[in-house]
Structure formats: structure tokens, C-alpha cells
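*Asks:* If you scroll down you'll find the structure; I have some questions about it.
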Amino acid sequence: MAEMVAAFASSHSVMLTCTLQDWQKGFRTFDPKGTYFDRKGNVVTYDQLLALAPSNAKELVTDEAIAKRFAQVQDAMAHMRKEVQTAKLDVLIICGDDQNELFSKNMQPAIGIYHADRIRNGRKKELPQSDPFHWYKFAQNRRLEDEDGVFYPVNKPLAEHLIKGLCDRGFDIASLGGMADHQYEGHAYSFMHKKYLDGAPNGQVPIVPIFLNTYFPPNQPTPRRCVELGKGIGELVRSFPDNLRVGFMASGGLSHFQAEEDLDDAVIAAMKRKDLEFLSNLDVKRLQAGSSEIRNWLVLAGACPDLDLTWISYAPGYRTDALTGTGLGFATWYPPAAKAAE
């Protein structure tokens with residue numbers, strides 16, 4: 001029987017493929033053009049956020065403060081890569097969100113599972129130096145490939161087991177049996193391939209991509225539905241007849257595009273104490289824009305109740321005086337016996 005032997009959660013923000021100079025300089029010109037949400041879910045401008053910023057905001061975004069957080073995040077990603085590559089996984093389920101990559105406003109399933117034998121990552125795009133946001137697009141390119149036609153393996157039998165089993169449990173699952181010639185996996189998956197899975201000593205670990213519409217109204221799953229989805233996934237993994245070491249990855253989060261430490265701290269604390277009821281009752285008004293990706297962490301919480309949170313690194317990625325940015329979170333979960341054996 002298959003066994004859930006490890007779980008991981010990682011932000012996949014473009015900040016993680018940016019340079020220190022991008023953090024310190026680039027976002028100061030990029031973020032003022034953005035749209036944001038206040039803590040009641042109302043749309044606000046950058047200038048409105050700036051007016052609401054605490055008195056110590058400038059201290060949080062000095063070059064020195066940003067450099068310290070940048071170094072912390074680089075260390076966290078190196079640690080995560082080591083954990084993923086030494087877990088001896090046979091398959092990694094990745095729960096992420098699609099942002100107009102495979103889907104669009106014309107077709108946006110609430111939940112989808114990809115079940116072809118392999119999935120293709122995209123090729124890096126040509127970037128004119130005259131583009132004022134060349135640095136941002138160059139960072140996005142770091143999730144992509146130097147050449148076209150790069151495929152990664154998918155565990156099709158497990159994917160189809162999850163599709164059927166979740167449908168039997170009352171979840172309406174969109175099944176993706178492949179991609180059109182012009183399509184590629186989205187950033188929630190390409191980041192994991194390039195940052196954590198590439199170059200694994202035991203070869204490329206097959207994945208099962210799960211798509212959760214965290215981002216786009218009107219059919220985003222509620223927090224409670226996300227937890228219940230996770231419970232179903234966990235049960236189905238444990239019922240899969242093949243003898244597999246399965247890992248689960250929550251891709252994305254935490255809060256953004258303004259970093260909200262209070263929200264992130266509450267989610268992390270609830271994950272640590274396995275408080276599924278608290279997580280199920282999160283206010284959806286706080287899960288706007290990029291913060292919506294916290295839903296992927298909720299699926300993990302439901303899927304891995306027997307695993308303990310063993311390591312967490314969190315950095316509020318403030319990058320402007322308005323405290324725009326991303327709550328950059330990285331975490332691992334293992335069975336209690338595995339933790340005790342270390």
C-alpha cells in the first residue's frame with residue numbers, strides 16, 4: 001500500500017527567482033502600479049496602503065533589512081531542496097494554482113487533476129532589454145527551460161486513482177489528459193521542478209499535478225472544502241495498492257501582494273497544532289489575490305494529519321514603504337517516528 005511519508009510547503013513567488021537588487025530596487029517601481037486588498041477584502045490602491053503603513057515601515061525596507069531576509073530565504077530554499085531530494089519519494093503530489101496558464105476565464109475548474117504520462121515545461125522567452133521590467137520577466141524565465149520540449153514524468157495510475165476516488169466522494173474533478181501543443185505546466189509546478197526536483201540523485205521524481213482555483217471568482221473552493229479535499233486525497237493515497245513512498249507539496253503562498261504577518265502567523269500556528277477547524281473557518285475576505293494560495297496549504301493540512309510539522313522558515317518579504325510583498329514560507333512535515341529517529 002502507498003504511504004504518505006513526507007509533506008512540504010513552499011512559496012513559489014517570483015521574488016524567489018529575483019536577485020537581491022530586484023528586491024531592493026526593482027519592486028519599488030513595480031509595486032506602485034499594483035492593485036491590493038485591505039483586511040476586509042476591499043480593493044485599495046498602493047497609495048492607500050502607504051497611508052495605512054505603520055510608523056516603522058521604512059525601517060523594515062532598508063537595504064540592510066531586505067538583504068537579511070533575502071539571505072534567509074536563499075538558505076530556506078537550499079534546505080527545502082535537500083529535504084525533497086533526500087526523502088526517497090516515488091511520487092510527489094503538487095497542489096498549486098493555475099494563473100491563466102492552462103486555464104482561462106473561459107474555462108476555470110475549481111479542482112483539476114492532470115493524468116497524462118508526462119507534463120511539459122515551457123522554454124525561456126526572448127526578452128528585449130528595452131523593456132523597463134526586463135528584470136521581472138527575467139526572474140520569471142528562471143522557472144523555465146533553456147530549450148523546448150522538456151518533459152517531466154507523471155504518475156498516471158495514482159492520478160487516475162485520485163480522480164475516480166474523489167469523484168466517488170462527491171468532488172467534481174476536471175480531468176486533464178494532456179495539453180495542447182502551445183501549452184505548458186504553470187509556474188506552481190515549473191518552480192518546483194526547477195528549484196527542488198531537478199538534479200535529484202535518484203532521478204526525476206514523478207509528480208501528480210492537482211490544480212486548485214484559489215485565485216479567480218466565482219468558483220474558488222472555500223477553506224473548509226480545501227481541508228475536506230485534502231482529507232479525501234490522504235485517504236486515497238493510503239488506499240492505493242502500489243507500494244509507493246508519496247510526498248505532498250503545497251505550492252504557493254503565503255500572504256501577498258501585501259505581506260500580512262498576522263495572517264501568516266495564524267495559519268502557521270494552526271498548521272503546527274493541526275487545528276483543522278480553525279483553518280476551515282479562515283475568512284475568505286483575507287484570502288484575496290496571492291493570499292488565496294494559502295488554500296493549497298489547507299489541502300496539505302487535511303491530507304497529512306499523521307505528519308508533524310518539523311521545520312518552518314518564514315520571512316515577511318516586505319519590499320516597499322507600503323509593506324507590499326510576499327509572506328515567504330517554507331515548511332516540512334514527517335511522521336513522528338521519522339522525526340524521533342533523526
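Residue numbering restarts at 1 in every chain; chains get A, B, ... in the order shown in the C-alpha cells, and ligands count up from 1 in that same order.
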What lies within 9 Å of Phe211 of chain A using only C-alpha atoms, ignoring chain neighbours under 3 positions off, as a list in words?
*Replies:*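 After dropping sequence-adjacent residues, the list is Ile94, Cys95, Gly96, Asp97, Asp98, Pro109, Ala110, Ile111, Gly112, Ile113, Tyr114 and Thr214 of chain A.
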*Asks:* List as a PyMOL selection string the protein and nucleic acid residues near Thr324 of chain A, meaning an atom at most 10 Å away when only C-alpha atoms are counted, but skip any in the same chain fewer than 4 places from it.
*Replies:* chain A and resi 27-28+31-32+34+36+46+49-50+53+256-260+316-320
*Asks:* Report as a PyMOL selection string all protein, DNA and RNA residues lying within 9 Å of segment 86-92 of chain A, evaluated on only C-alpha atoms, omitting residues in the same chain fewer than 3 positions from it.
*Replies:* chain A and resi 5-7+81-83+154-155+158+200-202+205-209+244-249
*Asks:* Please, what distance in Å, to one decimal, runs between atom CA of Tyr189 of chain A and atom CA of Tyr152 of chain A?
*Replies:*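 Going from atom CA of Tyr189 of chain A over to atom CA of Tyr152 of chain A covers 10.4 Å.
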*Asks:* What residues in segment 145-237 of chain A get the DSSP label helix (DSSP H, G or I)? Please answer as a PyMOL selection string.
*Replies:* chain A and resi 156-168+187-197+223-237
*Asks:* Take the selection from the previous step and output its residues with N, CA, C and O atoms, as a compact mmCIF listing (two decimals), in the first residue's frame.
*Replies:*
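Contents of the output file out_24.txt:
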# COMPACT_ATOMS: atom_id res chain seq x y z
N LYS A 156 0.68 8.43 -13.63
CA LYS A 156 -0.68 8.37 -14.16
C LYS A 156 -1.60 7.47 -13.34
O LYS A 156 -2.75 7.85 -13.06
N PRO A 157 -1.17 6.27 -12.93
CA PRO A 157 -2.09 5.42 -12.15
C PRO A 157 -2.57 6.07 -10.86
O PRO A 157 -3.75 5.99 -10.51
N LEU A 158 -1.66 6.73 -10.13
CA LEU A 158 -2.08 7.40 -8.89
C LEU A 158 -2.99 8.58 -9.21
O LEU A 158 -4.00 8.80 -8.51
N ALA A 159 -2.68 9.33 -10.26
CA ALA A 159 -3.52 10.46 -10.64
C ALA A 159 -4.95 10.00 -10.94
O ALA A 159 -5.93 10.61 -10.48
N GLU A 160 -5.09 8.92 -11.68
CA GLU A 160 -6.42 8.43 -12.04
C GLU A 160 -7.13 7.82 -10.84
O GLU A 160 -8.36 7.90 -10.73
N HIS A 161 -6.38 7.24 -9.92
CA HIS A 161 -6.96 6.75 -8.67
C HIS A 161 -7.55 7.91 -7.87
O HIS A 161 -8.65 7.79 -7.30
N LEU A 162 -6.83 9.03 -7.84
CA LEU A 162 -7.33 10.20 -7.12
C LEU A 162 -8.57 10.78 -7.80
O LEU A 162 -9.54 11.17 -7.12
N ILE A 163 -8.55 10.85 -9.13
CA ILE A 163 -9.70 11.40 -9.85
C ILE A 163 -10.96 10.59 -9.54
O ILE A 163 -12.00 11.14 -9.17
N LYS A 164 -10.87 9.29 -9.73
CA LYS A 164 -12.05 8.43 -9.51
C LYS A 164 -12.48 8.47 -8.05
O LYS A 164 -13.67 8.60 -7.74
N GLY A 165 -11.54 8.34 -7.16
CA GLY A 165 -11.88 8.30 -5.74
C GLY A 165 -12.49 9.59 -5.25
O GLY A 165 -13.43 9.58 -4.43
N LEU A 166 -11.98 10.72 -5.70
CA LEU A 166 -12.55 12.00 -5.28
C LEU A 166 -13.94 12.21 -5.87
O LEU A 166 -14.84 12.74 -5.20
N CYS A 167 -14.14 11.78 -7.12
CA CYS A 167 -15.49 11.84 -7.69
C CYS A 167 -16.45 10.98 -6.87
O CYS A 167 -17.60 11.40 -6.61
N ASP A 168 -16.02 9.82 -6.46
CA ASP A 168 -16.86 8.94 -5.63
C ASP A 168 -17.20 9.60 -4.29
O ASP A 168 -18.23 9.28 -3.69
N HIS A 187 3.41 28.01 -13.38
CA HIS A 187 4.53 28.37 -12.51
C HIS A 187 4.52 27.63 -11.19
O HIS A 187 5.58 27.41 -10.59
N ALA A 188 3.34 27.21 -10.72
CA ALA A 188 3.25 26.50 -9.44
C ALA A 188 3.95 25.15 -9.51
O ALA A 188 4.34 24.60 -8.47
N TYR A 189 4.14 24.63 -10.72
CA TYR A 189 4.75 23.33 -10.93
C TYR A 189 6.16 23.47 -11.50
O TYR A 189 7.08 22.76 -11.08
N SER A 190 6.34 24.40 -12.43
CA SER A 190 7.67 24.58 -13.01
C SER A 190 8.66 25.06 -11.95
O SER A 190 9.84 24.67 -11.97
N PHE A 191 8.20 25.88 -11.00
CA PHE A 191 9.10 26.32 -9.93
C PHE A 191 9.60 25.12 -9.14
O PHE A 191 10.79 25.02 -8.81
N MET A 192 8.71 24.19 -8.82
CA MET A 192 9.10 23.01 -8.04
C MET A 192 10.06 22.13 -8.83
O MET A 192 11.02 21.58 -8.28
N HIS A 193 9.79 21.98 -10.12
CA HIS A 193 10.70 21.18 -10.94
C HIS A 193 12.09 21.80 -10.99
O HIS A 193 13.11 21.10 -10.82
N LYS A 194 12.18 23.09 -11.24
CA LYS A 194 13.48 23.72 -11.43
C LYS A 194 14.22 23.95 -10.11
O LYS A 194 15.44 23.84 -10.06
N LYS A 195 13.48 24.26 -9.06
CA LYS A 195 14.14 24.64 -7.81
C LYS A 195 14.44 23.44 -6.91
O LYS A 195 15.49 23.39 -6.25
N TYR A 196 13.54 22.45 -6.88
CA TYR A 196 13.67 21.38 -5.89
C TYR A 196 13.88 19.98 -6.47
O TYR A 196 14.50 19.14 -5.84
N LEU A 197 13.35 19.72 -7.66
CA LEU A 197 13.36 18.36 -8.19
C LEU A 197 14.47 18.10 -9.21
O LEU A 197 14.92 16.97 -9.34
N PRO A 223 -12.34 27.52 2.31
CA PRO A 223 -11.32 26.88 3.14
C PRO A 223 -11.75 25.51 3.66
O PRO A 223 -10.95 24.56 3.65
N ARG A 224 -13.00 25.37 4.08
CA ARG A 224 -13.46 24.07 4.57
C ARG A 224 -13.42 23.02 3.46
O ARG A 224 -13.04 21.87 3.68
N ARG A 225 -13.81 23.41 2.25
CA ARG A 225 -13.77 22.48 1.12
C ARG A 225 -12.33 22.05 0.83
O ARG A 225 -12.08 20.90 0.46
N CYS A 226 -11.39 22.96 0.98
CA CYS A 226 -9.98 22.63 0.76
C CYS A 226 -9.50 21.59 1.77
O CYS A 226 -8.79 20.64 1.41
N VAL A 227 -9.86 21.79 3.03
CA VAL A 227 -9.48 20.82 4.05
C VAL A 227 -10.11 19.46 3.75
O VAL A 227 -9.45 18.41 3.86
N GLU A 228 -11.38 19.45 3.37
CA GLU A 228 -12.05 18.20 3.06
C GLU A 228 -11.43 17.53 1.84
O GLU A 228 -11.31 16.30 1.78
N LEU A 229 -11.05 18.32 0.84
CA LEU A 229 -10.36 17.78 -0.32
C LEU A 229 -9.07 17.09 0.11
O LEU A 229 -8.76 15.98 -0.35
N GLY A 230 -8.33 17.74 1.00
CA GLY A 230 -7.11 17.13 1.50
C GLY A 230 -7.36 15.82 2.20
O GLY A 230 -6.63 14.84 2.01
N LYS A 231 -8.41 15.77 3.01
CA LYS A 231 -8.74 14.51 3.70
C LYS A 231 -8.98 13.40 2.68
O LYS A 231 -8.51 12.27 2.85
N GLY A 232 -9.74 13.71 1.62
CA GLY A 232 -10.01 12.71 0.59
C GLY A 232 -8.73 12.25 -0.10
O GLY A 232 -8.55 11.05 -0.34
N ILE A 233 -7.84 13.18 -0.41
CA ILE A 233 -6.58 12.82 -1.05
C ILE A 233 -5.76 11.91 -0.14
O ILE A 233 -5.20 10.89 -0.59
N GLY A 234 -5.68 12.26 1.14
CA GLY A 234 -4.92 11.43 2.07
C GLY A 234 -5.46 10.03 2.16
O GLY A 234 -4.70 9.03 2.16
N GLU A 235 -6.78 9.90 2.26
CA GLU A 235 -7.40 8.57 2.33
C GLU A 235 -7.11 7.76 1.07
O GLU A 235 -6.82 6.56 1.13
N LEU A 236 -7.18 8.42 -0.08
CA LEU A 236 -6.99 7.71 -1.34
C LEU A 236 -5.54 7.30 -1.55
O LEU A 236 -5.26 6.24 -2.11
N VAL A 237 -4.61 8.12 -1.09
CA VAL A 237 -3.20 7.72 -1.16
C VAL A 237 -2.99 6.46 -0.34
O VAL A 237 -2.35 5.49 -0.79
*Asks:* Contacts of Glu126 of chain A at 10 Å or less, counting only C-alpha atoms, minus same-chain residues fewer than 3 places along, as a PyMOL selection string?
*Replies:* chain A and resi 123+129+137-138+141
*Asks:* With N, CA and C atoms kept, could you save the residues just selected as an mmCIF file, in the first residue's frame?
*Replies:*
data_model
loop_
_atom_site.group_PDB
_atom_site.id
_atom_site.type_symbol
_atom_site.label_atom_id
_atom_site.label_comp_id
_atom_site.auth_asym_id
_atom_site.auth_seq_id
_atom_site.Cartn_x
_atom_site.Cartn_y
_atom_site.Cartn_z
ATOM 1 N N ARG A 123 9.673 26.922 -22.539
ATOM 2 C CA ARG A 123 11.006 27.426 -22.874
ATOM 3 C C ARG A 123 11.103 28.905 -22.484
ATOM 4 N N GLN A 129 15.861 44.078 -24.012
ATOM 5 C CA GLN A 129 16.469 44.869 -22.939
ATOM 6 C C GLN A 129 15.754 46.201 -22.742
ATOM 7 N N LYS A 137 10.677 39.959 -15.726
ATOM 8 C CA LYS A 137 10.426 38.883 -16.678
ATOM 9 C C LYS A 137 11.605 37.923 -16.741
ATOM 10 N N PHE A 138 12.805 38.430 -16.537
ATOM 11 C CA PHE A 138 13.978 37.572 -16.485
ATOM 12 C C PHE A 138 13.876 36.627 -15.289
ATOM 13 N N ASN A 141 11.581 33.886 -16.102
ATOM 14 C CA ASN A 141 12.242 32.951 -17.012
ATOM 15 C C ASN A 141 13.035 31.873 -16.274
#
*Asks:* Name the residues in contact with Thr19 of chain A at a cut-off of 12 Å, using only C-alpha atoms, excluding same-chain residues fewer than 2 positions from it; report them as a ChimeraX atom specification.
*Replies:* /A:14-17,21-27,66-67,70-71,73-74,135-136,138-140,142
*Asks:* By how many Å are atom CA of Arg286 of chain A and atom CA of Gln220 of chain A apart?
*Replies:*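 Answer for the atom CA of Arg286 of chain A to atom CA of Gln220 of chain A separation: 13.3 Å.
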*Asks:* Need to verify the contact set: Gln183 of chain A, 12 Å, only C-alpha atoms, exclusion of same-chain residues closer than 4 positions in sequence. Can you return it as a ChimeraX atom specification?
*Replies:* /A:100-103,119-123,148-149,178-179
*Asks:* Atom CA of Ala315 of chain A and atom CA of Trp333 of chain A, how far apart in Å?
*Replies:*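 Going from atom CA of Trp333 of chain A over to atom CA of Ala315 of chain A, I get 18.7 Å.
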*Asks:* Just want the 7 Å neighbourhood of Leu309 of chain A, counted on only C-alpha atoms, with same-chain residues fewer than 3 positions away dropped. Output as a list in words.
*Replies:* Lys272, Thr332, Trp333 and Tyr334 of chain A
*Asks:* Per DSSP on the backbone, filter segment 284-322 of chain A down to the residues in strand (DSSP E) and report them as a list of chain:residue names.
*Replies:*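 The strand (DSSP E) subset of segment 284-322 of chain A is A:Asp308, A:Leu309, A:Thr310, A:Trp311, A:Ile312, A:Ser313, A:Tyr314, A:Ala315, A:Pro316, A:Gly317, A:Tyr318.
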